[in-house]
Amino acid sequence: MGEVRLRVLYFAAAREAAGVESEEVSLEEEGTDDRGTPYATTEALEELLLGRYPKLKDIFRTVVLAVNMDYVDKGARVKLAPGDEVALIPPIGGG
Amino acid sequence: MGEVRLRVLYFAAAREAAGVESEEVSLEEEGTDDRGTPYATTEALEELLLGRYPKLKDIFRTVVLAVNMDYVDKGARVKLAPGDEVALIPPIGGG
Amino acid sequence: MSSQVSGDSTESVHVEVVAEGRLSLDRAVDWVECPRSGAIATFSGVVRDNSDGRQVDHLDYEAYVPMAVKVMRSIGERIVKERGVSKIFMAHRVGRLQVKEPAVVIAVSAPHRAEAIGASRLAIDELKLQVPIFKKEVFVDGSHWKSNRP
Amino acid sequence: MSSQVSGDSTESVHVEVVAEGRLSLDRAVDWVECPRSGAIATFSGVVRDNSDGRQVDHLDYEAYVPMAVKVMRSIGERIVKERGVSKIFMAHRVGRLQVKEPAVVIAVSAPHRAEAIGASRLAIDELKLQVPIFKKEVFVDGSHWKSNRP
């Protein structure tokens, strides 16, 4: 089976819960798209991160993902390709 | 009969029509109020000014009076006491 | 206040009619700033280079100054009292103004943005309706008094 | 742009995330000024000395900077396209801010006041809803991340 390597960024409360700012993460390929590129999913990524960083659980309900700087609807299952950048975005407080 | 002396101010288009910036105007007393002070009326004042400055007629429809810095509703008949300040206010254009 | 400025100032309302010099937005903002107000909204009315398609050379503003100050102050006081605003600053220029020069500057501070922005809109709307200030638009080919009312 | 500023600029939209120094309202207004726009509205979000009754010592802002710039720019572009606005400038500070320092400055120019003021309100509302910037309120006795959503 192939591997999907991703870059994961942690902000604010997510960084404090995970204790890390950014890291490379590798997920198992769940299939390949029509151009043969392997993909994984945000669902698998969430499972991995929650397992790896238990403290994330407390705040995960309020964390939204952004894939390549586009928000992903909470709970939506989105495909992830090698090299994608996924950010964990806690509640925002700008302005 | 008594006399009611007023100070009349002309602004913008009213000044240009009347050709004067401010002047003392004297009106005939139309009566005295309960404290015995003689009064005239805005109606009499308008008649006097329209007679004196024919060019005012063209713009008078759009001119509003202010007595002692309080607007008078267009066409309202208001008493004027000696020493009152009456301003001719053409359409305003501030801001 | 310098001879060029007629105005009035209370703890939360400052108004002025200024005969010369460029109105300062910074000064307006500094005046309304207060630690408990997190939102500051401002509005500037700036001389445009055209009006109804005609090319403007400059504007001449004139005011019934003491009444203008009086009305501006009553607008400010009502806004502070009724709109949850902390402080309001209103300044209007009279005399000759060139294109791009500010004719009016309004600043409002409030604890939250809705009150600050809403009040700045109300302040400029009321000013244009009530304050005895007169605007002569001078074009390259003539001039006329311009009313706020269509 | 200096190393302290990440941003993006088109002819009518300028956005920036600034790591250091005080945001300048004058700079924002100068940027949006244009001869055919007679109305300039601004909004500044300033650090308050209290939040929900607790005394604030300072704020720490953090941002997913490239995405913040991207989202601010798309907000600006939509406002120019849909709201009859001539130009819009949006700047947000990150890093440590003291009380009374501006965290965000927005300026909008338009031919008329309704569009300018309306757009400044829309811009700050959208920014607070969408832009990935995070606010940590540091009190004299503790701190917490503060969300815009109640």
# chains A, B, ... in the order shown; residues from 1 in each chain; ligands from 1
$ select_by_dssp --residues "chain D" --states "strand (DSSP E)" --output "VMD selection string"
chain D and resid 5 to 9 13 to 18 39 to 46 50 to 51 54 to 63 87 to 93 95 to 98 102 to 110 133 to 139 142 to 146
$ interface_residues --of "chain D" --to "chain A" --cutoff "10 Å" --atoms "only C-alpha atoms" --output "PyMOL selection string"
chain D and resi 43-47+61-64+66-68+70-71+91-94+102-106+123-136+144-149
$ residues_around --residues "Arg77 of chain A" --least-positions-apart "5" --cutoff "10 Å" --atoms "only C-alpha atoms" --output "PyMOL selection string"
chain A and resi 41-44+72
$ select_by_dssp --residues "chain A" --states "alpha helix (DSSP H)" --output "PDB file with N, CA, C and O atoms, in the first residue's frame"
ATOM      1  N   ALA A  12      -2.500  28.205  17.853  1.00  0.00           N
ATOM      2  CA  ALA A  12      -3.110  28.625  19.114  1.00  0.00           C
ATOM      3  C   ALA A  12      -3.359  27.433  20.048  1.00  0.00           C
ATOM      4  O   ALA A  12      -2.441  26.677  20.334  1.00  0.00           O
ATOM      5  N   ALA A  13      -4.622  27.251  20.461  1.00  0.00           N
ATOM      6  CA  ALA A  13      -4.941  26.207  21.441  1.00  0.00           C
ATOM      7  C   ALA A  13      -4.573  24.822  20.924  1.00  0.00           C
ATOM      8  O   ALA A  13      -4.199  23.947  21.710  1.00  0.00           O
ATOM      9  N   ALA A  14      -4.631  24.599  19.604  1.00  0.00           N
ATOM     10  CA  ALA A  14      -4.285  23.277  19.045  1.00  0.00           C
ATOM     11  C   ALA A  14      -2.787  23.014  19.226  1.00  0.00           C
ATOM     12  O   ALA A  14      -2.360  21.917  19.582  1.00  0.00           O
ATOM     13  N   ARG A  15      -1.981  24.083  19.004  1.00  0.00           N
ATOM     14  CA  ARG A  15      -0.536  23.920  19.193  1.00  0.00           C
ATOM     15  C   ARG A  15      -0.252  23.597  20.660  1.00  0.00           C
ATOM     16  O   ARG A  15       0.545  22.715  20.982  1.00  0.00           O
ATOM     17  N   GLU A  16      -0.963  24.308  21.562  1.00  0.00           N
ATOM     18  CA  GLU A  16      -0.709  24.095  22.988  1.00  0.00           C
ATOM     19  C   GLU A  16      -1.134  22.686  23.406  1.00  0.00           C
ATOM     20  O   GLU A  16      -0.476  22.029  24.199  1.00  0.00           O
ATOM     21  N   ALA A  17      -2.229  22.189  22.803  1.00  0.00           N
ATOM     22  CA  ALA A  17      -2.701  20.835  23.159  1.00  0.00           C
ATOM     23  C   ALA A  17      -1.752  19.771  22.589  1.00  0.00           C
ATOM     24  O   ALA A  17      -1.411  18.802  23.259  1.00  0.00           O
ATOM     25  N   ALA A  18      -1.319  19.974  21.348  1.00  0.00           N
ATOM     26  CA  ALA A  18      -0.465  18.956  20.711  1.00  0.00           C
ATOM     27  C   ALA A  18       0.993  19.126  21.146  1.00  0.00           C
ATOM     28  O   ALA A  18       1.779  18.175  21.089  1.00  0.00           O
ATOM     29  N   THR A  42      -9.300  13.197   5.484  1.00  0.00           N
ATOM     30  CA  THR A  42      -9.225  14.007   6.712  1.00  0.00           C
ATOM     31  C   THR A  42      -9.677  13.164   7.911  1.00  0.00           C
ATOM     32  O   THR A  42      -9.182  13.328   9.026  1.00  0.00           O
ATOM     33  N   GLU A  43     -10.590  12.248   7.654  1.00  0.00           N
ATOM     34  CA  GLU A  43     -11.099  11.392   8.743  1.00  0.00           C
ATOM     35  C   GLU A  43      -9.950  10.570   9.341  1.00  0.00           C
ATOM     36  O   GLU A  43      -9.738  10.550  10.550  1.00  0.00           O
ATOM     37  N   ALA A  44      -9.147   9.956   8.453  1.00  0.00           N
ATOM     38  CA  ALA A  44      -8.018   9.126   8.918  1.00  0.00           C
ATOM     39  C   ALA A  44      -7.012  10.018   9.659  1.00  0.00           C
ATOM     40  O   ALA A  44      -6.467   9.657  10.706  1.00  0.00           O
ATOM     41  N   LEU A  45      -6.787  11.215   9.111  1.00  0.00           N
ATOM     42  CA  LEU A  45      -5.835  12.131   9.742  1.00  0.00           C
ATOM     43  C   LEU A  45      -6.296  12.474  11.160  1.00  0.00           C
ATOM     44  O   LEU A  45      -5.508  12.425  12.119  1.00  0.00           O
ATOM     45  N   GLU A  46      -7.572  12.803  11.297  1.00  0.00           N
ATOM     46  CA  GLU A  46      -8.097  13.179  12.626  1.00  0.00           C
ATOM     47  C   GLU A  46      -7.901  12.036  13.611  1.00  0.00           C
ATOM     48  O   GLU A  46      -7.455  12.227  14.740  1.00  0.00           O
ATOM     49  N   GLU A  47      -8.205  10.844  13.152  1.00  0.00           N
ATOM     50  CA  GLU A  47      -8.044   9.662  14.034  1.00  0.00           C
ATOM     51  C   GLU A  47      -6.590   9.549  14.509  1.00  0.00           C
ATOM     52  O   GLU A  47      -6.299   9.408  15.689  1.00  0.00           O
ATOM     53  N   LEU A  48      -5.672   9.696  13.537  1.00  0.00           N
ATOM     54  CA  LEU A  48      -4.237   9.580  13.875  1.00  0.00           C
ATOM     55  C   LEU A  48      -3.838  10.626  14.917  1.00  0.00           C
ATOM     56  O   LEU A  48      -3.218  10.318  15.940  1.00  0.00           O
ATOM     57  N   LEU A  49      -4.248  11.899  14.665  1.00  0.00           N
ATOM     58  CA  LEU A  49      -3.805  12.995  15.544  1.00  0.00           C
ATOM     59  C   LEU A  49      -4.403  12.875  16.939  1.00  0.00           C
ATOM     60  O   LEU A  49      -3.737  13.106  17.950  1.00  0.00           O
ATOM     61  N   LEU A  50      -5.689  12.488  16.988  1.00  0.00           N
ATOM     62  CA  LEU A  50      -6.335  12.334  18.305  1.00  0.00           C
ATOM     63  C   LEU A  50      -5.661  11.243  19.104  1.00  0.00           C
ATOM     64  O   LEU A  50      -5.481  11.357  20.318  1.00  0.00           O
ATOM     65  N   GLY A  51      -5.244  10.148  18.382  1.00  0.00           N
ATOM     66  CA  GLY A  51      -4.532   9.072  19.065  1.00  0.00           C
ATOM     67  C   GLY A  51      -3.181   9.553  19.565  1.00  0.00           C
ATOM     68  O   GLY A  51      -2.775   9.334  20.710  1.00  0.00           O
ATOM     69  N   ARG A  52      -2.501  10.340  18.722  1.00  0.00           N
ATOM     70  CA  ARG A  52      -1.135  10.755  19.052  1.00  0.00           C
ATOM     71  C   ARG A  52      -1.117  11.836  20.144  1.00  0.00           C
ATOM     72  O   ARG A  52      -0.219  11.880  20.984  1.00  0.00           O
ATOM     73  N   LEU A  56      -5.621  16.865  22.565  1.00  0.00           N
ATOM     74  CA  LEU A  56      -6.380  17.498  21.463  1.00  0.00           C
ATOM     75  C   LEU A  56      -7.865  17.195  21.608  1.00  0.00           C
ATOM     76  O   LEU A  56      -8.726  17.976  21.201  1.00  0.00           O
ATOM     77  N   LYS A  57      -8.158  16.054  22.246  1.00  0.00           N
ATOM     78  CA  LYS A  57      -9.571  15.632  22.310  1.00  0.00           C
ATOM     79  C   LYS A  57     -10.431  16.729  22.941  1.00  0.00           C
ATOM     80  O   LYS A  57     -11.517  17.055  22.438  1.00  0.00           O
ATOM     81  N   ASP A  58      -9.911  17.349  24.024  1.00  0.00           N
ATOM     82  CA  ASP A  58     -10.759  18.312  24.752  1.00  0.00           C
ATOM     83  C   ASP A  58     -11.232  19.456  23.852  1.00  0.00           C
ATOM     84  O   ASP A  58     -12.316  19.988  24.023  1.00  0.00           O
ATOM     85  N   ILE A  59     -10.373  19.831  22.908  1.00  0.00           N
ATOM     86  CA  ILE A  59     -10.757  21.034  22.133  1.00  0.00           C
ATOM     87  C   ILE A  59     -11.170  20.687  20.698  1.00  0.00           C
ATOM     88  O   ILE A  59     -11.565  21.557  19.920  1.00  0.00           O
ATOM     89  N   PHE A  60     -11.086  19.369  20.340  1.00  0.00           N
ATOM     90  CA  PHE A  60     -11.239  19.031  18.922  1.00  0.00           C
ATOM     91  C   PHE A  60     -12.604  19.423  18.350  1.00  0.00           C
ATOM     92  O   PHE A  60     -12.766  19.770  17.197  1.00  0.00           O
TER      93      PHE A  60
END
$ closest_atom_pairs --of "chain D" --to "chain C" --cutoff "7 Å" --atoms "only C-alpha atoms" --output "CSV"
residue,atom,partner,partner_atom,distance
D:Pro35,CA,C:Arg48,CA,5.4
D:Arg36,CA,C:Arg48,CA,5.2
D:Ser37,CA,C:Arg48,CA,6.1
D:Gly38,CA,C:Val46,CA,4.6
D:Ala39,CA,C:Gly45,CA,5.0
D:Ile40,CA,C:Ser44,CA,5.1
D:Ala41,CA,C:Phe43,CA,4.5
D:Thr42,CA,C:Thr42,CA,5.1
D:Phe43,CA,C:Ala41,CA,4.5
D:Ser44,CA,C:Ile40,CA,5.1
D:Gly45,CA,C:Ala39,CA,5.0
D:Val46,CA,C:Gly38,CA,4.6
D:Val47,CA,C:Gly38,CA,5.8
D:Arg48,CA,C:Gly38,CA,5.1
D:Asp49,CA,C:Pro35,CA,5.5
D:Asn50,CA,C:Arg36,CA,6.7
D:Val99,CA,C:Pro35,CA,6.9
D:Lys100,CA,C:Pro35,CA,6.0
D:Ile117,CA,C:Arg121,CA,6.7
D:Arg121,CA,C:Ile117,CA,6.7
$ write_last_selection --atoms "C-alpha atoms" --output "PDB file, in the first residue's frame"
ATOM      1  CA  PRO D  35     -10.092  61.794  -6.495  1.00  0.00           C
ATOM      2  CA  ARG D  36     -13.467  60.398  -7.503  1.00  0.00           C
ATOM      3  CA  SER D  37     -14.217  59.011  -4.015  1.00  0.00           C
ATOM      4  CA  GLY D  38     -15.737  61.587  -1.731  1.00  0.00           C
ATOM      5  CA  ALA D  39     -16.328  59.258   1.198  1.00  0.00           C
ATOM      6  CA  ILE D  40     -13.703  57.510   3.315  1.00  0.00           C
ATOM      7  CA  ALA D  41     -14.773  55.326   6.215  1.00  0.00           C
ATOM      8  CA  THR D  42     -12.384  53.623   8.616  1.00  0.00           C
ATOM      9  CA  PHE D  43     -12.633  51.148  11.462  1.00  0.00           C
ATOM     10  CA  SER D  44      -9.986  50.489  14.100  1.00  0.00           C
ATOM     11  CA  GLY D  45     -10.190  47.632  16.591  1.00  0.00           C
ATOM     12  CA  VAL D  46      -8.253  48.784  19.610  1.00  0.00           C
ATOM     13  CA  VAL D  47      -7.073  46.738  22.606  1.00  0.00           C
ATOM     14  CA  ARG D  48      -9.364  47.489  25.540  1.00  0.00           C
ATOM     15  CA  ASP D  49      -8.334  47.494  29.198  1.00  0.00           C
ATOM     16  CA  ASN D  50     -11.016  44.969  30.129  1.00  0.00           C
ATOM     17  CA  VAL D  99      -3.956  48.418  25.753  1.00  0.00           C
ATOM     18  CA  LYS D 100      -5.009  51.200  23.321  1.00  0.00           C
ATOM     19  CA  ILE D 117     -19.533  53.062   5.848  1.00  0.00           C
ATOM     20  CA  ARG D 121     -18.898  47.271   8.659  1.00  0.00           C
TER      21      ARG D 121
END
$ atom_distance --atom1 "atom CA of Ala119 of chain C" --atom2 "atom CA of Ala28 of chain C"
14.9 Å
$ closest_residue --among "D:Gly142, D:Val13, D:Met90, D:Glu137" --to "Arg27 of chain D" --atoms "only C-alpha atoms"
D:Met90
